[in-house]
Each structure stands twice: as C-alpha cells, then as structure tokens.
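Peer 1: Questions regarding the structure given below will be posed in turn.
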Amino acid sequence: MLWPSLTRNLFRRPLTEPAAPPLPATVAALAERLEAAAQTRLGRSLAIRHVDSGSCNGCELEVNALSGVVYDLERFGLRFVASPRHADLLLVTGPACHNMTEAVQRAFLCTPDPKWVVAVGDCALDGGVFRDSYAVAGGVDRVLPVDLVIPGCPPSPAMLLEGLLSLLEVQEEAREDKAPGD
Amino acid sequence: MSGPATRLILAGTERTPFRRELAPAAWAELPGALRQEPELELLALWAEIGAVHAAFRPAGGGPLLLASVAAEGSYPALSPARPVAAWFERAVADLWGLRAEGGVDGRPWLDHGRWGFVAPLSGRPVAQSAEPPQPDFLPAEGEGVHQIPVGPIHAGVIEPGHFRFHVQGETIVRLEARLGYAHKGTLGLMRGKSPRSAARLAARLSGDSTVAHAWAFARAAEMAAGVAVPPRAILLRGLMAELERIANHLNDWGFLCNDAAFAWPHARCGALREVMLRANDAAFGHRLLMDRVVPGGVSIDIAPSGVAAIREALALVAAEMPALRRVTEDHASLQDRLAGTGVLRPDWAALFAAGGFVGRASGRDFDARRDLPYAPYDTLPFTVPVLQAGDVEARLTIRVEELAQSLALAAALLERLEPGDTLAPLPVQGGEGLGVVEGFRGEVLCWMALGEDGLIRDAFVRDPSWLQWPLLEVAVEGNIVADFPLCNKSFNCSYSGVDL
C-alpha cells in the first residue's frame, strides 16, 4: 500500500538538495552572447529539448537524473519538453555523428528564436574519443552554433545543474538591468 | 550428442582452441545443417578483412564455438536458417562490404549514405557522394493500415532511433526499428590501438553497460595476450558489475512504472539509484564506473572509505525493496498495464537466443555468470530467476529478483576482498581472444585479434541488444500503440550498443 509511505513523507525533509550557484565568469560570457531583448523575452523559465546526436547513453543517464527528486530541475523553472517547437534550449549530447546531422539541424530549425544550444559532455565538446572517426564530424559546434559547453564524461547532474542555472542567471541580470524605468 | 552443424564446424581447421575455419564449401552447407540442429544458438556474426566469423553456443552448454570462412565480396548467408543473423549480415555488408548471399534482408542499415564512402572497414572504402537514400520499410497491407513514423529524435531523454509503425486503428500491425543513427565508427577506431588505449572505446559502446563491455573487452585482450589477472582485480570487477546491474535495474523499475503513469516508484527508484551512483563515486571515483575495468585488471583500487559507502548504499536499497515491491505488485491499475502486455513467446526467445531479462522472462534459462562460468562467479552462490509469461510484468519481475541477488552478491564480494595487486602488465604479443560477461541486459561478447606488435588487428563487440531488438518488433505486434513505451522500456535495448 502506498499511503503509509506517503504519510511518512509528509513529516520527512525533502530529498531535494540545494544547488551550487553558477560561476560569475560563465554567466558573463553567456550574457555577451545574447541580446538584452532576447534575454528578457526568454524570462526566468526555460523549456529544454534534449537531442542525442549519437552519444553512448552515458550523458542521458545523468540528464535523466536531473528530473529526479534529488536534483528536481523543475523547481528552477527548467523543464524538459517533448518537441523542439516548444523549446527555448536544445541540450545536445554525443559527438556530431554524420547519421544524425540532418535530424539535429532540423530540430534546431524547428526551435523558435531566441534559443540556446548547450553541448553536454566531452563528445559534444570536440567528438571526445570518437573525434577521429569516419562517422563523426567532431563536436556539436560542427553542425550547430553552440552557446555553452558542459564538459565531462559524463558530466555529473550537479555540473549539469550549475551550467543550466548560469543560463537563468543571465536572464535574471538582464531583467534587473531593465527593471527601474521599464 | 552433437548435431550436424556442430560436427560440420568441429571438422574445420583449428585456428584457436575456440575457433575453426571452414572451407567455403563446408560453410555453404552450414544453413542446411543448422536447420537440422535448431538447439545450436547463433550469438553473433561479424567480419574482418577477408573473413566472416560466427559465434555459436552448443546445445548442451559449454564454451562458445566460433566458425570462420574466408570471404571476398560475398559469403553464404546464415539468416535463412537463423533469422537472428539478418541484422548482423546487414551490418557486415554496410561496414565490411561483404554481401550475404541468399540472405533474408539485403537492405542497408548502419550505412545511411552519409559517410562519404561505403564499406569503411573493408580496407578499400569506395567514395560515394550521392544523396542519402530514403529508407525502405517492410510493407504491411490491409484495410485502414496507416503508418506512424517516430524518431530518430524521441520525445523523452533517450538515444536516437527511428520506429516505423504500421497500425490498424489502435493496434500495431508491424513495427520496424531503423537504427544506426548513433554509429560512431567504434570498431574502426579500435584498429591499430593497444588494448589499453582501445578500452576507452569499449567502455563507451553503451554507457549504461560500461563495466560489462569493458570487462568483456578486457577478458578478450587478456586471453589474446596470455595474461592472468590479479585476484583482487577480479573481485573488484565482479563488485563493479553488480553495482552496475543494481543501478540499471533500479532505473528500469522506476521508468517502467513511470511509463504506466505511476510516479511514486519512479521517484523512489531514482533516489535509490542516486544513492548507488554516489557510492560508486566515493568508492571508485566515477558515478558510472567508466574506465575502471581495463585489460590486465582495474585502473583504480577501491577507496579506503569506499567499502563502507557501498555497504551503506546496499543496505538502503535492501531496506526499501520490500515496500517498493509491495507497491508495484499491489496496484491493480499498474498491473493492468504490465500483465499480458508485449508478450514474447518462449519459442521466439529461444530462436533468437535472447539473453538477460528478455530471455529469462520468456523461459530461456541462461546466465553467462552461471553457464559460461568465469571468476569470481564460479565460487559465488546465486540463483538465476526464470519465468515463462514473457510479458512486461515478467521482465520487470526478473529485474526485481536479480536486483535482490545482486545486492547479496555485491555484499559477498566486499567480504572477500583481500589486499593485493590490482593490475598486471600486458606483454606485447599477438594472439586471439574471446570474452563473455553477463551485463544487466544479457551477455556481452567481445572478440579480439592482436597483431605481433600487440596492437588490435580487428575486434568486434556484441551488445546483447543485437538479439533483442528484432524480438521487440515481434513482441509489440497486436498491442496498442499507447503500450509501445512500456514494451520498449521493458526490453530497454541499447541503441548505441548496436549502432557501433
């Protein structure tokens, strides 16, 4: 039966852990990449579409962990959506496999502006251990304009969270800049 | 008593204790002989430059037997006698440029026409600049039949692949999986590298099975180079393999409930899985245990505090399992979705030699840890759960039973740890090796040939999913489209593992 567990949970502290704040340098670099207008339009909430460009599935395991109770991505206004048409952000894992190029680029074209592209993992950074392969173009930047790279093989959920929060921070700063006379 | 196919293979020239080379005429007789010996299981088929290899598991058990034939341009297909060979034959044609004569399916698969040349592993790839062709799908005909294309990018956070459904109303008439999107050229990258350096590629064939693949790869390299692994390293490998199984089974348990819209077990399993991954990190410095198993042993010894961290994590999972089980088994609304859904008949599982929870939920009583015994499992007590129902519920039940077994195995392995070396040097020498390791999906197989310079001449890594993907296509027939995610998750086949 489920109710005893649910009742106990009413009195237990949540499992969700506080997140580490993003690095100021990362936030500053991101702010330079996005116009102020776009920053305010995105708002303090981002819809994320994950795109696997041919990863080994290691990154997916850690990205999935973000949605769990321990990291609880949605408390920050970040959520995964089922279509690039609903997304503000493409989270791309894996090296740029030739067999995925067309699909990845189509997903990007389907994503409305303004949008971010975040490359996740060492493969997405520069192809990783697969960079010299006949089947791989290199990192994700070979097929898409990348705004932020979160390295690691795979990056831990804590690292992913830190990277994604820096995107929110940029938008927050933009709003504060604009707020007084707006 | 061995059947005609086994006799035919054994009559070939002995190249290694486990591999016989057949004359082309003898190989041509193999399909006929295989039809007369249905219990001889085909586990893999692959190629190297100038030759094709096939791995068989003899009916009465015992070590695997490899059969080879020299091949230039083409070779007689095995798929008419063993339908499981079809996917392998398509891959051999795409990568090595060797055509399976008389094969049941000649369509390209891993090659989507986007590499700039064909047959990349053939030694003489031919440039190709034509537009990528549209894929051909097997037809389904009937009144009101229509198609639903899904992928390669899916709605969830999962790997890329295309599913083509033919449906009639809500019912799936035919499903075809078209994969290859994650093809990274892994086998080509392994060539010319030392086993130590190529181990990083094996560890990234399928991220959730990184320990199993790295271990099978290491066993193949160690057999080829004639190396004995230190006892402590063997125990640590076993420990890591069980930790990997625990984390993955927990993950699948949660996601299966989630696909039936039951969020609570998903949340709890996710939290427990996180506990396990953090213990992995504390003990071995990596949450998924990547690059920890290497040819010769393990790359890192367990941290002094790691033993306690793992014990604590195992205890947490063990303590919560009874409640999780009760909730899963007691909820009629969940059972309604799981029971009777996606049935894989035992005769199909046997025909395709399906391993892991897919095979064991459909009556195939095989576990490499017990049936192709290797250290440390040869001296550890454990049971192998087997069910006959073959539905989504049975595949979940097998996982839950195995989870309990793995918790005990991991604890037992921790008990047995004695101080000692963890890594043996690999001599520079030629040779050939075969490694089989039971991963969480089923048995992982790796074959490797080293040149005299100690570098990899050719290697093949076979994920269990090769034998399971075609069965998913069978199991969903007659189910409603809305149950496909459940069926798919209950198989949880690896995309990257077969895309290579």
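Note on naming: chains are A, B, ... as they come in the structure tokens, residues start from 1 per chain, ligands start from 1 in the order shown.
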Please determine the contact residues of chain A with respect to chain B at a cut-off of 7 Å, counting only C-alpha atoms, and supply them as a list in words.

Peer 2: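 Going by the stated atoms only, the list reads Met1, Leu2, His50, Val51, Asp52, Ser53, Gly54, Ser55, Cys56, Asn57, Gly58, Glu60, Asn64, Gly68, Val69, Val70, Ala82, Ser83, Cys97, His98, Asn99, Met100, Val129, Phe130, Ser133, Tyr134, Ala135 and Val136 of chain A.
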
Peer 1: As a list in words, please: all residues of chain A that backbone DSSP puts in strand (DSSP E or B).

Peer 2: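 Matching residues, listed in order: Leu46, Ala47, Ile48, Arg49, His50, Val51, Asp52, Leu78, Arg79, Phe80, Leu89, Leu90, Leu91, Val92, Thr93, Cys97, Trp116, Val117, Val118, Ala119, Val120, Val136, Leu148, Val149 and Ile150 of chain A.
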
Peer 1: Could the residues in this selection be saved with C-alpha atoms as a CSV table (one decimal), in the first residue's frame?

Peer 2:
chain,number,residue,atom,x,y,z
A,46,LEU,CA,13.4,27.6,-19.9
A,47,ALA,CA,11.9,24.7,-21.8
A,48,ILE,CA,14.6,22.2,-22.7
A,49,ARG,CA,14.6,19.8,-25.6
A,50,HIS,CA,17.2,17.0,-25.3
A,51,VAL,CA,18.7,15.9,-28.6
A,52,ASP,CA,21.1,12.9,-28.7
A,78,LEU,CA,13.6,24.4,-16.1
A,79,ARG,CA,11.7,21.6,-17.7
A,80,PHE,CA,12.1,19.0,-20.4
A,89,LEU,CA,17.0,25.4,-25.3
A,90,LEU,CA,18.5,22.4,-27.1
A,91,LEU,CA,20.6,20.2,-24.9
A,92,VAL,CA,22.7,18.2,-27.2
A,93,THR,CA,24.7,15.1,-26.2
A,97,CYS,CA,27.6,11.7,-35.9
A,116,TRP,CA,20.2,28.5,-26.7
A,117,VAL,CA,22.3,25.4,-27.7
A,118,VAL,CA,24.0,23.7,-24.8
A,119,ALA,CA,26.5,21.0,-25.7
A,120,VAL,CA,26.8,18.3,-23.0
A,136,VAL,CA,31.8,11.7,-36.8
A,148,LEU,CA,27.5,26.8,-23.7
A,149,VAL,CA,29.5,23.6,-23.2
A,150,ILE,CA,29.2,21.4,-20.1

Peer 1: Contacts of stretch 296-301 of chain B at 12 Å or less, counting only C-alpha atoms, minus same-chain residues fewer than 6 places along, as a PDB file with C-alpha atoms, in the first residue's frame?

Peer 2:
ATOM      1  CA  PRO B 195      44.112  -2.906 -25.907  1.00  0.00           C
ATOM      2  CA  ARG B 196      44.685  -0.450 -23.044  1.00  0.00           C
ATOM      3  CA  ALA B 199      39.450   0.011 -23.761  1.00  0.00           C
ATOM      4  CA  ARG B 200      38.161   3.594 -23.553  1.00  0.00           C
ATOM      5  CA  VAL B 211      31.554  -2.106 -16.820  1.00  0.00           C
ATOM      6  CA  ALA B 214      34.975  -3.013 -20.573  1.00  0.00           C
ATOM      7  CA  TRP B 215      35.196  -6.341 -18.750  1.00  0.00           C
ATOM      8  CA  ALA B 216      34.351  -8.485 -21.811  1.00  0.00           C
ATOM      9  CA  PHE B 217      36.857  -6.433 -23.803  1.00  0.00           C
ATOM     10  CA  ALA B 218      39.496  -6.881 -21.083  1.00  0.00           C
ATOM     11  CA  ARG B 219      38.888 -10.644 -20.933  1.00  0.00           C
ATOM     12  CA  ALA B 220      39.329 -10.923 -24.704  1.00  0.00           C
ATOM     13  CA  ALA B 221      42.553  -8.876 -24.541  1.00  0.00           C
ATOM     14  CA  GLU B 222      43.862 -10.917 -21.612  1.00  0.00           C
ATOM     15  CA  MET B 223      43.179 -14.202 -23.394  1.00  0.00           C
ATOM     16  CA  ALA B 224      44.889 -12.891 -26.548  1.00  0.00           C
ATOM     17  CA  ALA B 225      47.939 -11.672 -24.626  1.00  0.00           C
ATOM     18  CA  GLY B 226      48.015 -14.609 -22.204  1.00  0.00           C
ATOM     19  CA  VAL B 227      47.720 -12.553 -19.022  1.00  0.00           C
ATOM     20  CA  ALA B 228      46.472 -13.697 -15.623  1.00  0.00           C
ATOM     21  CA  VAL B 229      44.511 -11.029 -13.731  1.00  0.00           C
ATOM     22  CA  PRO B 230      45.303 -10.471 -10.011  1.00  0.00           C
ATOM     23  CA  PRO B 231      42.633 -11.976  -7.699  1.00  0.00           C
ATOM     24  CA  ARG B 232      41.793  -8.633  -6.093  1.00  0.00           C
ATOM     25  CA  ALA B 233      41.118  -7.096  -9.504  1.00  0.00           C
ATOM     26  CA  ILE B 234      38.750  -9.963 -10.348  1.00  0.00           C
ATOM     27  CA  LEU B 235      36.767  -9.374  -7.156  1.00  0.00           C
ATOM     28  CA  LEU B 236      36.617  -5.625  -7.815  1.00  0.00           C
ATOM     29  CA  ARG B 237      35.410  -6.270 -11.374  1.00  0.00           C
ATOM     30  CA  GLY B 238      32.655  -8.503 -10.054  1.00  0.00           C
ATOM     31  CA  LEU B 239      31.709  -5.869  -7.500  1.00  0.00           C
ATOM     32  CA  MET B 240      31.521  -3.129 -10.137  1.00  0.00           C
ATOM     33  CA  ASP B 281      31.795   7.787  -6.980  1.00  0.00           C
ATOM     34  CA  ALA B 282      33.019   7.561  -3.385  1.00  0.00           C
ATOM     35  CA  ALA B 283      34.483   4.089  -3.915  1.00  0.00           C
ATOM     36  CA  PHE B 284      35.907   4.282  -7.450  1.00  0.00           C
ATOM     37  CA  GLY B 285      35.860   7.975  -8.402  1.00  0.00           C
ATOM     38  CA  HIS B 286      33.239   7.675 -11.152  1.00  0.00           C
ATOM     39  CA  LEU B 289      32.360   3.330 -13.181  1.00  0.00           C
ATOM     40  CA  MET B 290      33.691   4.214 -16.630  1.00  0.00           C
ATOM     41  CA  VAL B 307      33.768  -0.190   1.299  1.00  0.00           C
ATOM     42  CA  LEU B 417      38.371  -8.551  -0.699  1.00  0.00           C
ATOM     43  CA  GLU B 418      41.951  -9.326   0.290  1.00  0.00           C
ATOM     44  CA  PRO B 419      44.904  -6.966  -0.106  1.00  0.00           C
ATOM     45  CA  GLY B 420      46.867  -7.469  -3.311  1.00  0.00           C
ATOM     46  CA  ASP B 421      47.773  -6.168  -6.770  1.00  0.00           C
ATOM     47  CA  THR B 422      45.059  -4.750  -8.989  1.00  0.00           C
ATOM     48  CA  LEU B 423      46.776  -4.507 -12.387  1.00  0.00           C
ATOM     49  CA  ALA B 424      49.039  -6.858 -14.350  1.00  0.00           C
ATOM     50  CA  PRO B 425      51.186  -5.633 -17.271  1.00  0.00           C
ATOM     51  CA  LEU B 426      50.170  -6.660 -20.793  1.00  0.00           C
ATOM     52  CA  PRO B 427      53.029  -8.227 -22.799  1.00  0.00           C
TER      53      PRO B 427
END

Peer 1: At a cut-off of 12 Å, using only C-alpha atoms, what residues contact B:Val126? Leave out same-chain residues fewer than 2 positions from it and give the result as a ChimeraX atom specification.

Peer 2: /B:94-97,113,115-124,128-129

Peer 1: Would you mind writing down, as an MDAnalysis selection string, each residue of stretch 301-371 of chain B that DSSP on the backbone assigns to helix (DSSP H, G or I)?

Peer 2: chainID B and resid 306:330 332:338 346:351 356:360 368:371

Peer 1: Just the selected residues (C-alpha atoms), exported as a PDB file, in the first residue's frame, please.

Peer 2:
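Result file part01.pdb:
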ATOM      1  CA  GLY B 306      34.514   3.139  -0.340  1.00  0.00           C
ATOM      2  CA  VAL B 307      33.768  -0.190   1.299  1.00  0.00           C
ATOM      3  CA  ALA B 308      31.638   1.460   3.979  1.00  0.00           C
ATOM      4  CA  ALA B 309      29.989   3.766   1.405  1.00  0.00           C
ATOM      5  CA  ILE B 310      28.925   0.824  -0.755  1.00  0.00           C
ATOM      6  CA  ARG B 311      27.737  -1.235   2.225  1.00  0.00           C
ATOM      7  CA  GLU B 312      25.615   1.673   3.360  1.00  0.00           C
ATOM      8  CA  ALA B 313      24.114   2.150  -0.111  1.00  0.00           C
ATOM      9  CA  LEU B 314      23.360  -1.575  -0.466  1.00  0.00           C
ATOM     10  CA  ALA B 315      21.644  -1.551   2.937  1.00  0.00           C
ATOM     11  CA  LEU B 316      19.488   1.436   1.959  1.00  0.00           C
ATOM     12  CA  VAL B 317      18.312  -0.267  -1.228  1.00  0.00           C
ATOM     13  CA  ALA B 318      17.718  -3.579   0.549  1.00  0.00           C
ATOM     14  CA  ALA B 319      15.699  -1.852   3.276  1.00  0.00           C
ATOM     15  CA  GLU B 320      13.364  -0.156   0.817  1.00  0.00           C
ATOM     16  CA  MET B 321      12.920  -3.034  -1.616  1.00  0.00           C
ATOM     17  CA  PRO B 322      10.076  -4.823   0.223  1.00  0.00           C
ATOM     18  CA  ALA B 323       7.931  -1.660   0.307  1.00  0.00           C
ATOM     19  CA  LEU B 324       8.688  -0.888  -3.349  1.00  0.00           C
ATOM     20  CA  ARG B 325       7.817  -4.442  -4.327  1.00  0.00           C
ATOM     21  CA  ARG B 326       4.551  -4.363  -2.429  1.00  0.00           C
ATOM     22  CA  VAL B 327       3.508  -1.119  -4.043  1.00  0.00           C
ATOM     23  CA  THR B 328       4.408  -2.402  -7.507  1.00  0.00           C
ATOM     24  CA  GLU B 329       2.610  -5.697  -7.032  1.00  0.00           C
ATOM     25  CA  ASP B 330      -0.454  -4.388  -5.160  1.00  0.00           C
ATOM     26  CA  ALA B 332      -4.206  -3.112  -9.834  1.00  0.00           C
ATOM     27  CA  SER B 333      -4.016  -0.086 -12.127  1.00  0.00           C
ATOM     28  CA  LEU B 334      -0.304  -0.732 -12.651  1.00  0.00           C
ATOM     29  CA  GLN B 335      -0.724  -4.488 -13.031  1.00  0.00           C
ATOM     30  CA  ASP B 336      -3.427  -3.822 -15.598  1.00  0.00           C
ATOM     31  CA  ARG B 337      -0.846  -2.092 -17.781  1.00  0.00           C
ATOM     32  CA  LEU B 338       2.015  -4.558 -17.218  1.00  0.00           C
ATOM     33  CA  PRO B 346       9.370 -18.648 -25.357  1.00  0.00           C
ATOM     34  CA  ASP B 347       9.919 -20.235 -28.783  1.00  0.00           C
ATOM     35  CA  TRP B 348      10.858 -16.833 -30.194  1.00  0.00           C
ATOM     36  CA  ALA B 349      13.218 -16.089 -27.309  1.00  0.00           C
ATOM     37  CA  ALA B 350      14.862 -19.470 -27.879  1.00  0.00           C
ATOM     38  CA  LEU B 351      15.122 -18.981 -31.660  1.00  0.00           C
ATOM     39  CA  GLY B 356      19.167 -11.151 -19.959  1.00  0.00           C
ATOM     40  CA  PHE B 357      15.715 -10.343 -18.592  1.00  0.00           C
ATOM     41  CA  VAL B 358      14.239 -10.577 -22.109  1.00  0.00           C
ATOM     42  CA  GLY B 359      15.230 -14.234 -22.474  1.00  0.00           C
ATOM     43  CA  ARG B 360      14.761 -15.223 -18.829  1.00  0.00           C
ATOM     44  CA  ALA B 368      26.688 -16.296 -18.544  1.00  0.00           C
ATOM     45  CA  ARG B 369      27.763 -15.964 -14.905  1.00  0.00           C
ATOM     46  CA  ARG B 370      26.484 -19.500 -14.310  1.00  0.00           C
ATOM     47  CA  ASP B 371      26.543 -21.158 -17.747  1.00  0.00           C
TER      48      ASP B 371
END
